[in-house]
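J.: What follows is a single structure, and I will ask about it in a moment.
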Amino acid sequence: MSDLAVRVQGIGKRYAIGRRRQSSQPMLRDVLADALHRPVRLLGDLARRWQPAGTQAPAAREAPPDHVWALRGASFDVERGEVVGIIGPNGAGKSTLLKILSRITEPTEGRAEISGRIASLLEVGTGFHPELTGRENIYLSGALLGMRKSDIDRNLDEIIDFSGIDKFVDTPVKHYSSGMYVRLAFAVAAHLESDVLIVDEVLAVGDVAFQRKCMAKMEDVHQHGRTILFVSHSMPAVTRLCQRAILISEGTVQKDGPAPEIANAYLMSSLRATAERTWPDPASAPGDQVARLRSVRVKTKDGDTAPSIDIRQAVGLEMTYDVLVPGLVLSSYYDVFNESGICVFVAHDLDPTWRRRPRPCGTYCSTAWVPGNLLANGTMLVGAALLSDNPFVVHFHHHDSVAFQVQDSFEGDAARGDWSRPLAGVIRPLLSWTTEARDGIRPQSAT
Amino acid sequence: MSQTPSTALGGRSTSGSRLGPPKLTIIQPSSGWVPLHLPELWSHREILYFLVWRDIKVRYKQTIIGAAWAIVQPLMTMVVFSVFLGHLARVPSDGVPYPIFAFCALVPWTFFASGVSQSANSLIASSSIITKVYFPRLLIPTGRVLACVPDLGLALCVLFGLLFFYGFRPSLAACLWLPAFVLLAFASALGVGLWLSALNVKYRDVQHAVPFLVQIWLFGTPVAYPASLVPAPWRPLYALNPVVGVVDGFRWALLGTGYGPGWMLITSSLASLAILVTGAFFFRRVEKTFADLI
């Protein structure tokens with residue numbers, strides 16, 4: 001099973017800057033005008049060429065500066081049946097890569113080989129026409145995505161059934177709600193019979209239930225041995241679907257490896273996340289005339305700054321800040337988000353020392369301890385704020401100041417117990433469990 | 001993890017069960033002139049079918065009078081031509097009543113003109129498809145011209161009705177030539193459409209030039225006047241307009257006037273073939289830039 005489905009060798013794509021913008025569309029009249037001016041310009045060129053050698057600008061021999069490489073030197077192989085996530089920031093070249101592999105646009109250099117039938121889903125509802133009915137659009141979109149008419153005939157009932165809009169299948173889709181539209185469009189896409197499926201971010205649309213359906217469908221597709229290339233911004237989707245991920249940034253393949261590892265590396269790098277952040281210059285630090293944030297860090301019980309914490313260990317969130325105006329009641333605050341952007345919790349300072357008491361000027365350090373066996377594994381992003389109530393003022397609120405990894409433990413004493421497969425959930429508390437047999441039966445031996 | 005029960009893809013055969021080695025697609029930069037890849041066009045014929053089917057369906061759905069539109073347009077032009085050119089300006093019509101003389105030419109002309117205008121805009125109008133899915137782009141303008149065929153069929157029905165009304169009984173042998181003339185009109189419209197649609201992607205003002213071009217072309221074609229009005233020495237040049245052969249052929253087959261199959265038709269056919277072949281190769285050459293420019 002080690003045969004290759006996709007082989008990409010040194011693929012690159014160069015765009016002329018501004019060419020994609022409507023305003024700079026060349027007009028035929030410009031070309032005609034240019035042709036009239038050409039004799040004049042030709043003379044100018046000739047005159048320049050007659051200049052003695054060495055006086056010409058050396059930059060003239062460089063690549064034309066009005067071009068930009070959207071992607072360069074991308075090389076990787078994908079084995080048959082592999083599901084590969086392609087991640088990276090916006091404008092990194094992911095979509096360009098997908099467009100090249102789905103043959104929508106041609107590479108400027110390099111070579112790619114794809115074995116088997118290719119289907120690409122770069123949007124939901126490719127080719128849908130608003131005037132046509134749902135049934136008619138199934139045929140139109142299906143054909144454009146590469147299905148044969150006989151395939152569509154055979155799967156028509158199944159597609160309509162999957163979409164769940166059977167009552168409206170003979171209504172023009174312009175009367176559909178956006179949800180119905182997406183359902184129908186995905187139902188068509190789900191029935192593509194291809195060996196290599198190229199998917200771009202289509203899961204980003206629709207409600208949660210629908211997204212789940214899409215994810216389940218993608219997993220199903222994978223279980224039937226298809227190769228999938230999947231571009232997404234959703235790290236949980238990538239880590240759930242893909243064994244492997246490729247990180248593309250600034251037009252090149254930066255990392256290629258196991259999906260969870262690459263996804264975390266991307267999260268950390270894309271947020272420029274660190275376990276400690278300091279602002280040496282109080283003038284430019286986050287804050288107002290009352291208070292300035294000086295540093296935020298994540299620490300272990302021993303007080304060490306730590307980018308990664310065992311799931312069973314408590315983790316300390318520490319912020320240092322200067323108070324510049326005396327006599328105010330201040331409250332420090334943390335918010336913690338996970339890699340999917342879900343707020344895991346927020347917390348306010350409860351230490352009685354300065355709670356409800358006006359503070360003199362000075363430097364303060366507020367630490368909050370998050371107990372072990374509470375957070376789920378993954379990346380946590382910490383934001384720090386300082387507030388005063390009555391009147392309510394936010395003196396600073398710095399989002400995603402620091403980040404840390406919660407490392408899962410497989411030693412059996414964490415909440416996952418002996419379970420070794422991926423676990424869902426925003427938190428992973430260690431619960432107190434009891435299991436008893438109703439008949440008073442006791443286990444034979446405690447091996 | 002929640003697993004929604006899945007139905008659609010389960011138990012379906014994948015490529016593994018298909019015979020033979022899987023198709024290998026090679027993606028690499030092309031430069032200069034590229035071959036037409038006719039086998040690939042053939043393998044995507046169902047897309048052509050659905051594009052034509054969509055255009056016809058949408059056209060007849062959107063307009064209230066639907067099919068009538070295909071007839072009204074040449075009929076009204078015929079009335080205008082008859083009144084101003086036939087009646088007032090007394091343009092000769094080779095001894096045939098002017099209305100039928102004009103209508104006989106307007107039917108293939110309208111097909112050609114709408115084929116050209118439709119296909120010239122086809123790529124811009126399909127930008128959402130071009131940037132999202134791959135198939136040979138040649139199918140897009142081809143489909144647009146093909147979608148004009150039903151209109152031609154309707155107009156032909158009216159033409160035959162008028163012929164009988166005016167007492168013309170075209171011979172069956174002559175009528176058998178009609179498909180050849182229609183094919184010539186189709187090839188000409190497609191050839192011009194391929195050039196214009198490809199140019200239109202790069203130079204957006206082409207779409208403003210198209211109606212003007214079609215209008216000029218109408219006067220360079222013997223629609224409102226007979227080809228015999230053109231001085232003999234100029235006729236070889238005149239016949240380079242492929243629609244000259246089409247319109248003259250229609251009149252020859254149905255009214256018994258004009259020149260019929262001869263060197264003028266051969267010239268027109270060769271000109272049409274030249275436009276079509278160069279158009280197709282030019283289209284293929286710039287096709288790779290469509291998704292980036294559109």
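Just remember, in the structure tokens the first chain shown is A, the second B, etc., residues are 1-based per chain, and ligands are 1-based in the order shown.
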List the spatial neighbours of Ala147 in chain B as number ranges by chain - criterion: any atom at most 12 Å away, only C-alpha atoms, same-chain residues fewer than 6 positions off excluded.
T.: B: 48-60, 70, 111-112, 114-116, 118-119, 122, 139-141, 153, 186, 190
J.: Which chain A residues are at most 6 Å from chain B (counting only C-alpha atoms), as a tab-separated table (two decimals) with C-alpha atoms, in the first residue's frame?
T.:
```
chain	number	residue	atom	x	y	z
A	26	PRO	CA	-5.60	45.97	-18.94
A	27	MET	CA	-7.86	47.46	-21.55
A	28	LEU	CA	-7.59	46.76	-25.23
A	103	ARG	CA	-5.76	22.10	-12.36
A	104	ILE	CA	-7.68	25.35	-12.13
A	105	THR	CA	-4.48	27.30	-12.56
A	106	GLU	CA	-1.16	26.26	-13.99
A	107	PRO	CA	2.09	26.29	-12.00
A	108	THR	CA	4.91	28.56	-13.12
A	109	GLU	CA	7.46	25.89	-12.31
A	111	ARG	CA	5.69	19.27	-11.60
A	112	ALA	CA	2.93	17.31	-9.90
A	113	GLU	CA	1.55	13.88	-10.62
A	114	ILE	CA	-1.80	12.69	-9.41
A	115	SER	CA	-2.92	9.15	-9.94
A	116	GLY	CA	-6.60	8.40	-10.24
A	122	LEU	CA	-13.19	24.54	-3.40
A	127	GLY	CA	-22.05	25.76	-10.65
A	140	LEU	CA	-25.47	20.50	-13.16
A	143	ALA	CA	-21.46	17.06	-13.75
A	216	ALA	CA	-18.42	12.31	9.66
```
J.: Using only C-alpha atoms, which protein or nucleic acid residues come within 10 Å of Asn377 in chain A? Drop anything in the same chain fewer than 4 positions from it, and give the result as number ranges by chain.
T.: A: 309-311, 338, 373, 405-409, 422-428
J.: For the residues selected in the previous step, produce a file with C-alpha atoms as a CSV table (one decimal), in the first residue's frame.
T.:
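The resulting file, selection03.csv, is shown below:
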```csv
chain,number,residue,atom,x,y,z
A,309,ILE,CA,2.6,21.5,31.6
A,310,ASP,CA,1.6,18.0,32.5
A,311,ILE,CA,-2.2,17.6,32.6
A,338,ASN,CA,-8.3,26.9,23.7
A,373,ASN,CA,-6.6,17.6,36.2
A,405,GLN,CA,0.5,23.3,26.1
A,406,VAL,CA,-1.4,21.0,28.4
A,407,GLN,CA,0.4,17.6,27.9
A,408,ASP,CA,-1.8,14.5,28.3
A,409,SER,CA,-0.6,11.8,30.6
A,422,PRO,CA,-8.2,11.0,21.3
A,423,LEU,CA,-10.7,12.5,23.7
A,424,ALA,CA,-13.1,15.4,23.1
A,425,GLY,CA,-14.1,18.1,25.6
A,426,VAL,CA,-13.0,21.6,26.6
A,427,ILE,CA,-12.1,20.5,30.1
A,428,ARG,CA,-10.9,17.1,31.4
```
J.: Please provide as a PyMOL selection string all residues within 8 Å of range 216-224 of chain B, with the sequence filter that same-chain residues fewer than 2 positions apart are discarded (counting only C-alpha atoms).
T.: chain B and resi 81+85+91+102+105-106+109+212-214+226-227+238+241+243-244+247-248
J.: Any chance you can output those residues with C-alpha atoms as a PDB file, in the first residue's frame?
T.:
```
ATOM      1  CA  PHE B  81     -35.810  46.300 -43.086  1.00  0.00           C
ATOM      2  CA  LEU B  85     -34.836  49.435 -47.013  1.00  0.00           C
ATOM      3  CA  VAL B  91     -32.957  48.069 -52.201  1.00  0.00           C
ATOM      4  CA  ALA B 102     -34.634  39.637 -45.790  1.00  0.00           C
ATOM      5  CA  ALA B 105     -30.991  35.895 -44.399  1.00  0.00           C
ATOM      6  CA  LEU B 106     -31.987  37.146 -40.946  1.00  0.00           C
ATOM      7  CA  TRP B 109     -27.623  35.897 -39.338  1.00  0.00           C
ATOM      8  CA  PHE B 212     -20.444  47.321 -32.373  1.00  0.00           C
ATOM      9  CA  LEU B 213     -18.515  44.605 -34.175  1.00  0.00           C
ATOM     10  CA  VAL B 214     -21.704  42.607 -34.784  1.00  0.00           C
ATOM     11  CA  PRO B 226     -28.219  40.877 -52.322  1.00  0.00           C
ATOM     12  CA  ALA B 227     -24.606  39.741 -52.742  1.00  0.00           C
ATOM     13  CA  TYR B 238     -16.222  39.815 -49.735  1.00  0.00           C
ATOM     14  CA  ASN B 241     -16.568  36.910 -44.539  1.00  0.00           C
ATOM     15  CA  VAL B 243     -21.356  34.553 -43.100  1.00  0.00           C
ATOM     16  CA  VAL B 244     -21.518  35.599 -46.775  1.00  0.00           C
ATOM     17  CA  VAL B 247     -26.551  33.754 -46.049  1.00  0.00           C
ATOM     18  CA  ASP B 248     -26.042  33.284 -49.757  1.00  0.00           C
TER      19      ASP B 248
END
```
J.: So which residues of range 48-195 of chain A fall under helix (DSSP H, G or I) by DSSP, listed as a PyMOL selection string?
T.: chain A and resi 48-49+58-61+94-101+134-144+149-163+166-168+173-175+178-190
J.: Take the residues that were just selected and, keeping C-alpha atoms, output them as a PDB file, in the first residue's frame.
T.:
```pdb
ATOM      1  CA  ARG A  48      19.653  53.372 -23.610  1.00  0.00           C
ATOM      2  CA  ARG A  49      21.261  50.271 -25.074  1.00  0.00           C
ATOM      3  CA  PRO A  58      22.567  46.243 -12.115  1.00  0.00           C
ATOM      4  CA  ALA A  59      19.022  45.612 -10.867  1.00  0.00           C
ATOM      5  CA  ALA A  60      17.819  45.449 -14.446  1.00  0.00           C
ATOM      6  CA  ARG A  61      19.027  41.860 -14.658  1.00  0.00           C
ATOM      7  CA  LYS A  94      -2.499  27.112   0.510  1.00  0.00           C
ATOM      8  CA  SER A  95      -5.242  28.025  -1.915  1.00  0.00           C
ATOM      9  CA  THR A  96      -2.738  28.460  -4.710  1.00  0.00           C
ATOM     10  CA  LEU A  97      -1.465  24.961  -4.059  1.00  0.00           C
ATOM     11  CA  LEU A  98      -4.990  23.580  -4.114  1.00  0.00           C
ATOM     12  CA  LYS A  99      -5.821  25.414  -7.303  1.00  0.00           C
ATOM     13  CA  ILE A 100      -2.729  24.050  -8.975  1.00  0.00           C
ATOM     14  CA  LEU A 101      -3.457  20.498  -7.870  1.00  0.00           C
ATOM     15  CA  GLY A 134     -32.762  21.552  -6.646  1.00  0.00           C
ATOM     16  CA  ARG A 135     -32.983  18.446  -8.810  1.00  0.00           C
ATOM     17  CA  GLU A 136     -31.640  20.261 -11.861  1.00  0.00           C
ATOM     18  CA  ASN A 137     -28.783  21.712  -9.847  1.00  0.00           C
ATOM     19  CA  ILE A 138     -27.821  18.268  -8.590  1.00  0.00           C
ATOM     20  CA  TYR A 139     -27.191  17.275 -12.178  1.00  0.00           C
ATOM     21  CA  LEU A 140     -25.469  20.496 -13.156  1.00  0.00           C
ATOM     22  CA  SER A 141     -23.198  20.721 -10.125  1.00  0.00           C
ATOM     23  CA  GLY A 142     -22.552  16.994 -10.124  1.00  0.00           C
ATOM     24  CA  ALA A 143     -21.464  17.064 -13.749  1.00  0.00           C
ATOM     25  CA  LEU A 144     -19.198  20.055 -13.196  1.00  0.00           C
ATOM     26  CA  LYS A 149     -24.729  11.411 -15.628  1.00  0.00           C
ATOM     27  CA  SER A 150     -25.188   7.693 -14.983  1.00  0.00           C
ATOM     28  CA  ASP A 151     -23.601   8.113 -11.515  1.00  0.00           C
ATOM     29  CA  ILE A 152     -25.968  10.965 -10.736  1.00  0.00           C
ATOM     30  CA  ASP A 153     -28.992   9.016 -12.002  1.00  0.00           C
ATOM     31  CA  ARG A 154     -28.031   6.112  -9.777  1.00  0.00           C
ATOM     32  CA  ASN A 155     -27.389   8.257  -6.695  1.00  0.00           C
ATOM     33  CA  LEU A 156     -30.160  10.803  -7.165  1.00  0.00           C
ATOM     34  CA  ASP A 157     -32.470   9.432  -4.488  1.00  0.00           C
ATOM     35  CA  GLU A 158     -29.599   9.052  -2.068  1.00  0.00           C
ATOM     36  CA  ILE A 159     -28.416  12.612  -2.684  1.00  0.00           C
ATOM     37  CA  ILE A 160     -31.890  14.033  -2.150  1.00  0.00           C
ATOM     38  CA  ASP A 161     -32.279  11.915   0.956  1.00  0.00           C
ATOM     39  CA  PHE A 162     -28.923  13.005   2.363  1.00  0.00           C
ATOM     40  CA  SER A 163     -29.714  16.683   1.771  1.00  0.00           C
ATOM     41  CA  ASP A 166     -36.850  16.316  -0.532  1.00  0.00           C
ATOM     42  CA  LYS A 167     -39.965  18.490  -0.270  1.00  0.00           C
ATOM     43  CA  PHE A 168     -38.290  21.359  -2.074  1.00  0.00           C
ATOM     44  CA  VAL A 173     -32.843  27.149  -5.433  1.00  0.00           C
ATOM     45  CA  LYS A 174     -33.209  30.941  -5.392  1.00  0.00           C
ATOM     46  CA  HIS A 175     -36.103  30.340  -2.983  1.00  0.00           C
ATOM     47  CA  SER A 178     -28.871  29.462   2.871  1.00  0.00           C
ATOM     48  CA  GLY A 179     -28.966  26.369   5.077  1.00  0.00           C
ATOM     49  CA  MET A 180     -30.962  24.373   2.546  1.00  0.00           C
ATOM     50  CA  TYR A 181     -28.667  25.539  -0.209  1.00  0.00           C
ATOM     51  CA  VAL A 182     -25.588  24.360   1.647  1.00  0.00           C
ATOM     52  CA  ARG A 183     -27.197  21.032   2.517  1.00  0.00           C
ATOM     53  CA  LEU A 184     -28.059  20.310  -1.069  1.00  0.00           C
ATOM     54  CA  ALA A 185     -24.652  21.423  -2.287  1.00  0.00           C
ATOM     55  CA  PHE A 186     -22.859  19.233   0.213  1.00  0.00           C
ATOM     56  CA  ALA A 187     -25.101  16.271  -0.574  1.00  0.00           C
ATOM     57  CA  VAL A 188     -23.903  16.470  -4.172  1.00  0.00           C
ATOM     58  CA  ALA A 189     -20.278  16.831  -3.120  1.00  0.00           C
ATOM     59  CA  ALA A 190     -20.524  13.914  -0.693  1.00  0.00           C
TER      60      ALA A 190
END
```
J.: Could you list, as a ChimeraX atom specification, every residue within 8 Å of range 251-264 of chain B, counting only C-alpha atoms and ignoring same-chain residues fewer than 4 positions away?
T.: /B:94,96,101,104-105,163,168-171,174-175,177-178,226-228,235-236,239,245,247,268
J.: Save the residues we just selected, N, CA and C atoms, as a CSV table (one decimal), in the first residue's frame?
T.:
```
chain,number,residue,atom,x,y,z
B,94,ASP,N,-33.2,40.7,-55.7
B,94,ASP,CA,-33.1,39.6,-56.7
B,94,ASP,C,-34.4,39.1,-57.2
B,96,VAL,N,-37.2,38.8,-55.6
B,96,VAL,CA,-38.1,38.0,-54.7
B,96,VAL,C,-38.7,39.1,-53.8
B,101,PHE,N,-37.1,37.8,-48.6
B,101,PHE,CA,-35.7,37.9,-49.0
B,101,PHE,C,-34.9,38.3,-47.8
B,104,CYS,N,-35.1,35.4,-44.9
B,104,CYS,CA,-34.3,34.2,-45.2
B,104,CYS,C,-32.8,34.4,-44.8
B,105,ALA,N,-32.4,35.6,-44.8
B,105,ALA,CA,-31.0,35.9,-44.4
B,105,ALA,C,-30.9,36.2,-42.9
B,163,LEU,N,-42.2,31.0,-46.2
B,163,LEU,CA,-41.9,30.5,-47.5
B,163,LEU,C,-43.2,30.0,-48.2
B,168,PHE,N,-43.3,29.8,-52.1
B,168,PHE,CA,-42.0,29.2,-52.4
B,168,PHE,C,-42.1,27.7,-52.1
B,169,ARG,N,-41.6,26.8,-52.9
B,169,ARG,CA,-41.6,25.4,-52.7
B,169,ARG,C,-40.2,24.9,-52.9
B,170,PRO,N,-39.3,25.1,-51.9
B,170,PRO,CA,-37.9,24.7,-52.1
B,170,PRO,C,-37.8,23.2,-52.3
B,171,SER,N,-36.9,22.8,-53.2
B,171,SER,CA,-36.7,21.4,-53.5
B,171,SER,C,-36.0,20.7,-52.3
B,174,ALA,N,-32.2,20.8,-52.4
B,174,ALA,CA,-31.6,22.1,-51.9
B,174,ALA,C,-31.7,22.2,-50.4
B,175,CYS,N,-32.8,21.7,-49.8
B,175,CYS,CA,-32.9,21.7,-48.4
B,175,CYS,C,-31.9,20.9,-47.7
B,177,TRP,N,-29.0,20.8,-48.3
B,177,TRP,CA,-27.7,21.6,-48.1
B,177,TRP,C,-27.8,22.5,-46.8
B,178,LEU,N,-29.1,22.7,-46.3
B,178,LEU,CA,-29.2,23.6,-45.2
B,178,LEU,C,-28.3,23.2,-44.0
B,226,PRO,N,-28.7,42.1,-51.7
B,226,PRO,CA,-28.2,40.9,-52.3
B,226,PRO,C,-26.7,41.0,-52.5
B,227,ALA,N,-26.1,39.8,-52.5
B,227,ALA,CA,-24.6,39.7,-52.7
B,227,ALA,C,-24.3,40.2,-54.1
B,228,SER,N,-25.2,40.2,-55.1
B,228,SER,CA,-25.0,40.6,-56.4
B,228,SER,C,-24.7,42.1,-56.5
B,235,ARG,N,-15.7,40.6,-55.0
B,235,ARG,CA,-16.4,39.5,-54.4
B,235,ARG,C,-15.4,38.5,-53.7
B,236,PRO,N,-14.2,38.2,-54.3
B,236,PRO,CA,-13.4,37.3,-53.5
B,236,PRO,C,-13.1,37.7,-52.1
B,239,ALA,N,-16.2,37.4,-50.0
B,239,ALA,CA,-16.5,36.0,-49.6
B,239,ALA,C,-15.6,35.5,-48.4
B,245,GLY,N,-21.1,33.3,-47.2
B,245,GLY,CA,-21.4,31.9,-47.7
B,245,GLY,C,-22.7,31.4,-47.1
B,247,VAL,N,-25.3,33.0,-45.7
B,247,VAL,CA,-26.6,33.8,-46.0
B,247,VAL,C,-26.9,33.5,-47.5
B,268,SER,N,-15.6,31.1,-48.3
B,268,SER,CA,-16.2,31.4,-46.9
B,268,SER,C,-15.9,30.2,-46.0
```
J.: Taking the chain letters and numbering used in this document, name the residues of range 59-243 of chain A that DSSP puts in strand (DSSP E or B), as JSON, numbers by chain.
T.: {"A": [67, 68, 69, 70, 71, 72, 73, 74, 75, 76, 77, 78, 79, 83, 84, 85, 86, 87, 109, 110, 111, 112, 113, 114, 115, 118, 119, 120, 121, 133, 172, 196, 197, 198, 199, 200, 227, 228, 229, 230, 231]}
J.: Could you pull the residues within 10 Å of Gly91 in chain A, counting only C-alpha atoms, minus those fewer than 5 positions along the same chain, as a list in words?
T.: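 Everything that qualifies: Ala70, Leu71, Thr96, Ile248, Ser249, Glu250 and Gly251 of chain A.
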J.: When you draw a straight line from CA of Cys365 in chain A to CA of Tyr334 in chain A, how long is it in Å?
T.: 13.2 Å
